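Enquirer: Structure in C-alpha cells, see below.
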Amino acid sequence: MPAVLEIEGLRKTYKSRRRGTRNALDGFDMRVDAGQVHGFLGPNGSGKTTTLRTLLGLIRPDGGRMALLGHEVPGALPTVAGQVGAIVESPQFFPHFSARDTLSLLAGAGEVPAARVDEVLELVGLRDRAGERVKTYSLGMKQRLAVASALLKNPKLLILDEPANGLDPGGIREMRTLMRTLAESGMTVVLSSHILGEIQLICDSVTIISLGRRVAFGPVDEVLAQHSSGAVRVRLEAVSDLPAATDALTRAGVRVTGHPDHLMLAGVDKPATVTRLLAENNLYVSELAPVAVDLESVFLELTATAPVPGQHRQVDESTKVGGTGQPGPTGGGWGA
Ligand SMILES: Nc1ncnc2c1ncn2[C@@H]1O[C@H](COP(=O)(O)OP(=O)(O)OP(=O)(O)O)[C@@H](O)[C@H]1O
C-alpha cells in the first residue's frame with residue numbers, strides 16, 4: 001500500500017530565554033497508508049501540533065524528512081496543497097458571515113465548484129443552519145464548519161487536529177460515521193485526538209507520540225495485541241491501600257498503571273505471585289482479573305501519563321537539549 005504521509009527523523013527545537021533550548025520533536029517517525037483512518041495520539045505537549053504544522057509548512061523543521069502523497073515537503077507543498085485538507089488549531093471565521101457565505105468565499109478562492117458548498121454543508125450536518133451568522137454558532141457548529149472547509153476541495157488527505165472538540169455525543173458519532181464514509185470513498189484521514197475510545201472505534205491504525213518520539217504504531221489490533229499479554233486488573237479491599245500496592249508491585253518489577261479504584265498491571269506471568277506479594281505487604285486483594293487491554297491503557301502505559309494516586313502530574317513533554325531526555329522538573333509545557 002503506498003504511503004500518503006511519511007515522516008522520518010523529524011526534529012524541531014524551540015528556543016526561549018526562560019526555558020532554554022527544548023526538543024519538541026526528537027527524531028519522530030510516522031507513516032500513514034492510503035485509504036486509512038489513522039489516529040495520531042499523544043499527551044498534551046508531546047509534539048502532535050508541531051508535527052502537523054511542520055508537515056503543512058507552517059513551521060520550519062530542524063532536521064528529518066517528510067513526504068505527502070509521495071512528494072517531499074516542504075519543497076513540493078505548492079504541488080500537493082490542493083490535495084490536502086487540514087484543520088490544525090481552530091480556524092477563525094468572519095463572525096458576521098454565514099456558513100454558506102464563508103464556504104462560498106473559500107470555494108471561490110480555491111477554484112472549487114459552487115455546488116460543492118451545499119454538498120459539504122450536508123455532509124457535516126450544517127445544512128439547516130447554513131444561512132445563519134457564524135457568531136451565533138455553538139462551538140460544535142463552528143467545528144463542523146471547520147471540517148466542511150477542509151473538505152471543500154475533496155482532498156486525498158484530510159488532516160484534523162481534535163475534530164471532535166466541542167461536539168455533543170450525537171455529533172461525535174456523526175463525525176465517526178463521516179470519517180469512515182470518507183475513508184471508504186478513498187480519502188486518507190489523519191486525526192489527532194485525546195478521545196481514545198473514539199479512536200479505537202474509528203481508526204484502522206495509530207501512531208502514539210511521547211516526548212517528541214514515536215512509542216507505538218501500526219494497525220490498532222496489532223498495537224493492542226502487542227501490549228495485552230499479562231494485563232491484569234487488581235482491586236483491593238481498601239482503596240486507600242492502592243498507593244502502597246503500586247509501590248510494592250513497582251519495586252517487584254511489575255508495570256503498574258493507577259486508576260481511582262483499581263490498578264492495571266502489565267506483563268504478569270502468574271497472577272498468584274501478585275496475590276502473594278501484596279499479602280506479604282498486608283495488602284488484601286478483592287479482585288484479580290485478566291483483562292483485554294484497550295487503547296487508553298496502552299496509551300497511559302506507553303506515555304507514562306497514568307494518574308498516580310496522591311500526585312498531580314505536571315504537563316511537560318518537551319525535553320531539554322543536553323538534558324537527560326526526561327521532562328523538565330518545573331512543568332508547565334505551555335509554550336515559552
Ligand atoms: N511557539 C512555541 N514556542 C516554544 N515552545 C513551543 C511552541 N509551540 C509549541 N511549543 C512546545 O513544544 C512542545 C510540543 O507542543 P505541541 O503543541 O506540538 O504539543 P501537542 O502534542 O499538540 O499538545 P496538545 O495535546 O496539548 O495539543 C510543548 O512543550 C510546547 O510547549
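Ordering of the C-alpha cells sets the chain letters (A, B, ...), residue numbers begin anew at 1 in every chain, and ligands are numbered from 1 in the order given.
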I need the residues of stretch 113-320 of chain A that end up classed as alpha helix (DSSP H) by DSSP on the backbone, written out as number ranges by chain.
Expert: A: 115-123, 139-151, 169-184, 196-202, 220-226, 242-251, 271-280, 295-303
Enquirer: As a PyMOL selection string, which residues of stretch 25-262 of chain A does DSSP assign to strand (DSSP E or B)?
Expert: chain A and resi 25-33+37-41+63-68+71-73+84-87+98+133+157-161+188-192+205-210+213-219+232-236+255-258
Enquirer: Measure the distance from atom 13 (C, counted along the ligand's line) of ligand 1 to atom CA of A:Ser46 in Å and round it to one decimal.
Expert: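 Calculated distance between atom 13 (C, counted along the ligand's line) of ligand 1 and atom CA of A:Ser46 is 5.8 Å.
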Enquirer: Can you work out the spacing between atom 24 (P, counted along the ligand's line) of ligand 1 and atom CA of A:Gly47 in Å, to one decimal?
Expert: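 Rounded to one decimal, the two atoms are 7.3 Å apart.
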Enquirer: Write out as a PDB file with N, CA and C atoms, in the first residue's frame the residues lying within 7 Å of stretch 128-132 of chain A, counting only C-alpha atoms and excluding same-chain residues fewer than 6 positions away.
Expert:
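And here's selection.pdb as it stands now:
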```
ATOM      1  N   SER A  98     -22.293  34.005   7.171  1.00  0.00           N
ATOM      2  CA  SER A  98     -22.946  32.717   7.428  1.00  0.00           C
ATOM      3  C   SER A  98     -21.988  31.600   7.002  1.00  0.00           C
ATOM      4  N   ALA A  99     -22.333  30.359   7.391  1.00  0.00           N
ATOM      5  CA  ALA A  99     -21.503  29.221   6.975  1.00  0.00           C
ATOM      6  C   ALA A  99     -21.468  29.133   5.450  1.00  0.00           C
ATOM      7  N   ARG A 100     -22.627  29.380   4.821  1.00  0.00           N
ATOM      8  CA  ARG A 100     -22.667  29.264   3.353  1.00  0.00           C
ATOM      9  C   ARG A 100     -21.794  30.340   2.704  1.00  0.00           C
TER      10      ARG A 100
END
```
Enquirer: Counting only C-alpha atoms and all ligand atoms, which residue out of A:Gly212, A:Pro219, A:Pro2, A:Gly166 sits closest to ligand 1?
Expert: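 For ligand 1, the nearest of the candidates is A:Gly212.
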Enquirer: Show me, as a PDB file with C-alpha atoms, in the first residue's frame, the residues that have an atom within 12 Å of A:Asp168 when counting only C-alpha atoms, minus same-chain residues fewer than 3 positions from it.
Expert:
```pdb
ATOM      1  CA  SER A 138     -22.065  26.897  19.147  1.00  0.00           C
ATOM      2  CA  LEU A 139     -18.530  25.510  19.491  1.00  0.00           C
ATOM      3  CA  GLY A 140     -19.598  22.230  17.895  1.00  0.00           C
ATOM      4  CA  MET A 141     -21.220  24.046  14.956  1.00  0.00           C
ATOM      5  CA  GLN A 143     -16.099  22.783  14.482  1.00  0.00           C
ATOM      6  CA  ARG A 144     -18.420  21.322  11.846  1.00  0.00           C
ATOM      7  CA  PRO A 163     -12.107  17.212  15.197  1.00  0.00           C
ATOM      8  CA  ALA A 164     -14.441  16.083  17.983  1.00  0.00           C
ATOM      9  CA  ASN A 165     -13.623  19.159  20.082  1.00  0.00           C
ATOM     10  CA  GLY A 171     -22.080  14.892  16.878  1.00  0.00           C
ATOM     11  CA  ILE A 172     -19.144  12.675  17.844  1.00  0.00           C
ATOM     12  CA  ARG A 173     -20.988   9.668  16.464  1.00  0.00           C
ATOM     13  CA  GLU A 174     -21.820  11.571  13.257  1.00  0.00           C
ATOM     14  CA  MET A 175     -18.172  12.596  12.905  1.00  0.00           C
TER      15      MET A 175
END
```
Enquirer: Using Å and a single decimal, report how far atom CA of A:Ala146 sits from atom CA of A:Gln92.
Expert: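 That distance, rounded to one decimal, is 8.8 Å.
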Enquirer: Show me, as number ranges by chain, the residues that have an atom within 9 Å of stretch 31-42 of chain A when counting only C-alpha atoms, minus same-chain residues fewer than 2 positions from it.
Expert: A: 1-8, 29, 44-48, 69, 156-157, 161, 179-180, 182-194, 196, 199-200, 202-211, 217-219, 299, 303
Enquirer: Restricting the calculation to only C-alpha atoms and all ligand atoms: of A:Ser90, A:Ser240, A:Thr181, A:Thr50, which residue gets closest to ligand 1?
Expert: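 With only C-alpha atoms and all ligand atoms as the atom set, the closest residue is A:Thr50.
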Enquirer: Just checking: using only C-alpha atoms and all ligand atoms, which residue out of A:Gly20, A:Pro243, A:Gly27, A:Gly108 ends up closest to ligand 1?
Expert: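 Selected residue with least distance to ligand 1: A:Gly20.
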Enquirer: Please identify all polymer residues within 9 Å of A:Gly57, counting only C-alpha atoms, omitting same-chain residues fewer than 6 positions from it, and present them as a list of chain:residue names.
Expert: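 Contacts, with the query itself left out: A:Val73, A:Pro74, A:Gly75, A:Leu77.
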Enquirer: Keeping only N, CA and C atoms, take the residues you just selected and write them out as an mmCIF file, in the first residue's frame.
Expert:
```cif
data_model
loop_
_atom_site.group_PDB
_atom_site.id
_atom_site.type_symbol
_atom_site.label_atom_id
_atom_site.label_comp_id
_atom_site.auth_asym_id
_atom_site.auth_seq_id
_atom_site.Cartn_x
_atom_site.Cartn_y
_atom_site.Cartn_z
ATOM 1 N N VAL A 73 8.114 17.238 1.154
ATOM 2 C CA VAL A 73 7.700 18.568 1.609
ATOM 3 C C VAL A 73 8.703 19.047 2.658
ATOM 4 N N PRO A 74 8.858 20.362 2.817
ATOM 5 C CA PRO A 74 8.004 21.435 2.314
ATOM 6 C C PRO A 74 8.206 21.805 0.842
ATOM 7 N N GLY A 75 9.271 21.313 0.189
ATOM 8 C CA GLY A 75 9.554 21.764 -1.175
ATOM 9 C C GLY A 75 8.375 21.633 -2.122
ATOM 10 N N LEU A 77 5.177 21.462 -1.445
ATOM 11 C CA LEU A 77 3.848 21.856 -0.929
ATOM 12 C C LEU A 77 2.966 22.530 -1.984
#
```
